[in-house]
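Asks: Here you go, one structure.
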Amino acid sequence: MFSILIPTWNNLDYLKLCIESIQKYSSVPHEIIIHVNDGSDGTLDWVRLQGLKYSHTEKNVGICLSVNNLAAKASHDWLLYMNDDMVACPGWDTAFSDAIKATNTDLAMYFGTLIEPRKSQSPLIINQDYGTNPEEFDEAALLANYMNEARGDMEGAALQPTLVHRKWWTVVGGYSIEFSPGMSTDDDLLMKFWVAGCRNFRVVGNSRFYHFGFKSTGRVKHNLGGRIFATKWGITQKEFFNNYLATLRNQPAAGNMQAAAASDFPRATRLGKLRRVGYGMFCDYPLEDIEGWDPRPAVGKWVES
């Protein structure tokens with residue numbers, strides 16, 4: 001079983017669909033844990049009524065703090081972080097379980113395959129429109145067609161939902177709060193797993209989720225995650241993806257992949273160094289972004305179920 005971690009911010013109609021899909025289309029009853037940001041739209045009352053395990057803050061504390069807190073409450077070894085605007089499709093969890101068995105290591109990151117109504121240039125995303133909101137959602141059409149487009153597993157890529165082992169989540173420190181409220185925190189997590197020795201970053205083709213898309217991120221003041229990433233690591237996100245993650249795509253997406261040679265350890269680049277110097281001289285990252293977003297009034301007001 002997995003511990004499924006879902007932060008939510010006044011998206012009750014989406015959250016209901018998300019939870020319902022997990023309960024209907026899972027092969028076993030997984031642990032579901034919700035962090036309710038604000039919840040004044042009725043989310044907090046609904047989560048309590050459902051008897052779900054949860055935490056709550058009066059204001060939106062962002063993805064990093066929310067998910068880290070949920071991970072601390074988890075009971076199972078494997079943690080699945082997913083957004084509240086995603087709908088699980090049948091077979092999602094068995095596909096993840098099969099991938100774990102095939103990889104034969106807990107130092108790995110697994111990602112679901114997304115189906116989205118909006119057109120995307122990403123080859124990882126399946127473009128099929130079954131509605132852009134809960135009122136328009138055509139579940140019957142999704143269930144009839146969600147496996148129509150064949151997709152194999154792919155290494156060296158990343159999407160959400162994200163499945164990781166709790167041991168390694170703890171070892172690398174989970175989501176880094178300097179990326180609060182959350183832009184680029186996934187890229188930072190990928191880098192931390194890479195530094196820890198992970199070379200298994202697998203999008204699982206048969207683990208599918210419908211994603212309405214960006215229902216919370218458009219409402220929050222974004223941190224400039226790319227600048228924080230370069231300041232922290234001395235390399236840009238694009239360089240990390242192109243020079244490191246992408247090199248795994250030509251390797252087999254099965255078996256216990258051997259750790260790569262020391263030469264593939266990430267190195268600071270000239271571009272990354274120049275940007276780090278510039279950001280350091282003229283900007284105050286990450287504190288400038290965090291202060292601009294200002295999660296501080298919510299800190300210290302956590303409620304746990």
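Every chain in the structure tokens has a letter given in the order shown (A, B, ...), and although residue numbers restart at 1 in each chain, ligands are simply numbered from 1 in the order shown.
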Name the residues of range 56-202 of chain A that fall into strand (DSSP E) according to DSSP on the backbone, using the chain letters and numbers of this document, as a list in words.

Replies: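 Filtering range 56-202 of chain A to strand (DSSP E) leaves His56, Thr57, Trp78, Leu79, Leu80, Tyr81, Met86, Val87, Ala88, Met109, Tyr110, Phe111, Gly112, Thr113, Leu114, Ile115, Glu116, Ile126, Asn127, Met154, Glu155, Thr162, Leu163, Val164, His165, Phe201 and Arg202 of chain A.
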
Asks: Write the residues of the preceding selection, restricted to C-alpha atoms, as an mmCIF file, in the first residue's frame.

Replies:
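Result written to out_8.cif:
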data_model
loop_
_atom_site.group_PDB
_atom_site.id
_atom_site.type_symbol
_atom_site.label_atom_id
_atom_site.label_comp_id
_atom_site.auth_asym_id
_atom_site.auth_seq_id
_atom_site.Cartn_x
_atom_site.Cartn_y
_atom_site.Cartn_z
ATOM 1 C CA HIS A 56 -4.815 22.138 8.405
ATOM 2 C CA THR A 57 -3.449 25.665 8.337
ATOM 3 C CA TRP A 78 6.063 4.439 -0.429
ATOM 4 C CA LEU A 79 4.814 8.028 -0.656
ATOM 5 C CA LEU A 80 2.742 9.246 -3.599
ATOM 6 C CA TYR A 81 2.405 13.004 -3.940
ATOM 7 C CA MET A 86 -5.970 14.857 -10.726
ATOM 8 C CA VAL A 87 -8.232 11.853 -11.281
ATOM 9 C CA ALA A 88 -6.752 8.357 -10.924
ATOM 10 C CA MET A 109 11.507 8.039 -8.458
ATOM 11 C CA TYR A 110 8.387 7.004 -10.348
ATOM 12 C CA PHE A 111 5.931 9.287 -12.108
ATOM 13 C CA GLY A 112 2.426 8.850 -13.491
ATOM 14 C CA THR A 113 1.429 9.431 -17.107
ATOM 15 C CA LEU A 114 -0.867 12.432 -17.440
ATOM 16 C CA ILE A 115 -3.879 12.858 -19.696
ATOM 17 C CA GLU A 116 -4.741 16.528 -20.120
ATOM 18 C CA ILE A 126 -1.476 12.461 -23.616
ATOM 19 C CA ASN A 127 -3.815 15.081 -25.075
ATOM 20 C CA MET A 154 10.440 6.166 -20.052
ATOM 21 C CA GLU A 155 13.572 6.814 -18.011
ATOM 22 C CA THR A 162 5.471 11.381 -7.910
ATOM 23 C CA LEU A 163 6.159 8.132 -6.040
ATOM 24 C CA VAL A 164 9.231 7.813 -3.807
ATOM 25 C CA HIS A 165 10.334 5.682 -0.864
ATOM 26 C CA PHE A 201 13.623 8.400 -12.884
ATOM 27 C CA ARG A 202 10.787 6.563 -14.573
#

Asks: When you look at Asn206 in chain A with a cut-off of 8 Å (counting only C-alpha atoms), what residues show up, excluding the ones that are within fewer than 5 positions of it in the same chain? I need them as a PyMOL selection string.

Replies: chain A and resi 91-92+95+112-113+147+151-153

Asks: Let me see the file: selected residues, N, CA and C atoms, as a PDB file, in the first residue's frame.

Replies:
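Result went into again.pdb, see below:
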ATOM      1  N   GLY A  91      -6.018   0.805 -12.579  1.00  0.00           N
ATOM      2  CA  GLY A  91      -4.712   0.204 -12.815  1.00  0.00           C
ATOM      3  C   GLY A  91      -3.535   1.086 -12.459  1.00  0.00           C
ATOM      4  N   TRP A  92      -3.804   2.291 -11.983  1.00  0.00           N
ATOM      5  CA  TRP A  92      -2.711   3.218 -11.690  1.00  0.00           C
ATOM      6  C   TRP A  92      -1.736   2.652 -10.667  1.00  0.00           C
ATOM      7  N   ALA A  95       0.279  -0.637 -11.799  1.00  0.00           N
ATOM      8  CA  ALA A  95       1.373  -0.278 -12.706  1.00  0.00           C
ATOM      9  C   ALA A  95       2.574   0.240 -11.923  1.00  0.00           C
ATOM     10  N   GLY A 112       3.579   9.267 -12.715  1.00  0.00           N
ATOM     11  CA  GLY A 112       2.426   8.850 -13.491  1.00  0.00           C
ATOM     12  C   GLY A 112       2.442   9.452 -14.887  1.00  0.00           C
ATOM     13  N   THR A 113       1.618   8.904 -15.755  1.00  0.00           N
ATOM     14  CA  THR A 113       1.429   9.431 -17.107  1.00  0.00           C
ATOM     15  C   THR A 113       0.147  10.259 -17.115  1.00  0.00           C
ATOM     16  N   MET A 147      -6.760   4.182 -22.045  1.00  0.00           N
ATOM     17  CA  MET A 147      -5.636   3.341 -22.444  1.00  0.00           C
ATOM     18  C   MET A 147      -5.510   3.204 -23.958  1.00  0.00           C
ATOM     19  N   ARG A 151       1.615   3.784 -24.357  1.00  0.00           N
ATOM     20  CA  ARG A 151       2.811   4.465 -23.890  1.00  0.00           C
ATOM     21  C   ARG A 151       3.641   3.471 -23.086  1.00  0.00           C
ATOM     22  N   GLY A 152       4.891   3.332 -23.432  1.00  0.00           N
ATOM     23  CA  GLY A 152       5.791   2.526 -22.626  1.00  0.00           C
ATOM     24  C   GLY A 152       6.401   3.358 -21.513  1.00  0.00           C
ATOM     25  N   ASP A 153       7.138   2.701 -20.634  1.00  0.00           N
ATOM     26  CA  ASP A 153       7.844   3.429 -19.585  1.00  0.00           C
ATOM     27  C   ASP A 153       8.996   4.222 -20.196  1.00  0.00           C
TER      28      ASP A 153
END

Asks: Within 12 Å of range 283-292 of chain A, which residues of range 181-221 of chain A show up? Give each one with its shortest atom-to-atom distance in Å (one decimal) and the two atoms involved, counting only C-alpha atoms, rows by chain then rising residue number, as a tab-separated table.

Replies:
residue	atom	partner	partner_atom	distance
A:Pro181	CA	A:Ile290	CA	7.4
A:Gly182	CA	A:Ile290	CA	10.1
A:Met183	CA	A:Asp289	CA	10.6
A:Val220	CA	A:Gly292	CA	10.8
A:Lys221	CA	A:Gly292	CA	7.8

Asks: For Gly62 in chain A, find every residue with an atom within 10 Å (counting only C-alpha atoms), except residues of its own chain fewer than 6 positions away, and show them as a ChimeraX atom specification.

Replies: /A:7-9,37,177,179-183,217,220,293,295

Asks: Once DSSP has gone over the backbone, tell me which residues of range 133-208 of chain A are in helix (DSSP H, G or I), as a list in words.

Replies: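 Secondary structure check on range 133-208 of chain A, helix (DSSP H, G or I): Glu139, Ala140, Ala141, Leu142, Leu143, Ala144, Asn145, Arg166, Lys167, Trp168, Trp169, Thr170, Val171, Val172, Ile177, Glu178, Phe179, Thr185, Asp186, Asp187, Asp188, Leu189, Leu190, Met191, Lys192, Phe193, Trp194 and Val195 of chain A.
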
Asks: Distance CA of Phe240 in chain A-CA of Leu189 in chain A, one decimal place?

Replies: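 Computing the Euclidean distance for CA of Phe240 in chain A and CA of Leu189 in chain A yields 12.1 Å.
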
Asks: For CA of Ser120 in chain A and CA of Gly174 in chain A, determine how far apart the two atoms are, in Å to one decimal place.

Replies: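 We find that CA of Ser120 in chain A and CA of Gly174 in chain A lie 28.5 Å from each other.
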
Asks: For a quick check of understanding, using only C-alpha atoms, which of A:Val172, A:Ile100, A:Cys89, A:Ala108 has the smallest distance to Leu17 in chain A?

Replies: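 Closest to Leu17 in chain A, using only C-alpha atoms: A:Cys89.
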
Asks: Taking only C-alpha atoms into account, which of A:His76, A:Lys273, A:His35, A:Arg48 comes nearest Phe2 in chain A?

Replies: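 Ranked by minimum distance to Phe2 in chain A, first place goes to A:His76.
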
Asks: In Å, how far is it from CA of Lys16 in chain A to CA of Leu143 in chain A?

Replies: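 One can read the CA of Lys16 in chain A to CA of Leu143 in chain A distance as 17.7 Å.
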
Asks: Considering only C-alpha atoms, state which residue in the set A:Thr94, A:Asn10, A:Ser75, A:Asn68 is at the smallest distance from Thr43 in chain A.

Replies: A:Asn10

Asks: Counting only C-alpha atoms, figure out which residue out of A:Leu44, A:Leu142, A:Asp77, A:Asp264 gets nearest to Asp106 in chain A.

Replies: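 Once distances to Asp106 in chain A are computed over only C-alpha atoms, the minimum belongs to A:Asp77.
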
Asks: Looking at A:Trp194, A:Tyr54, A:Phe96, A:Tyr244, which one is nearest to Ser27 in chain A, with distances taken over only C-alpha atoms?

Replies: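 Smallest distance to Ser27 in chain A is found for A:Phe96.
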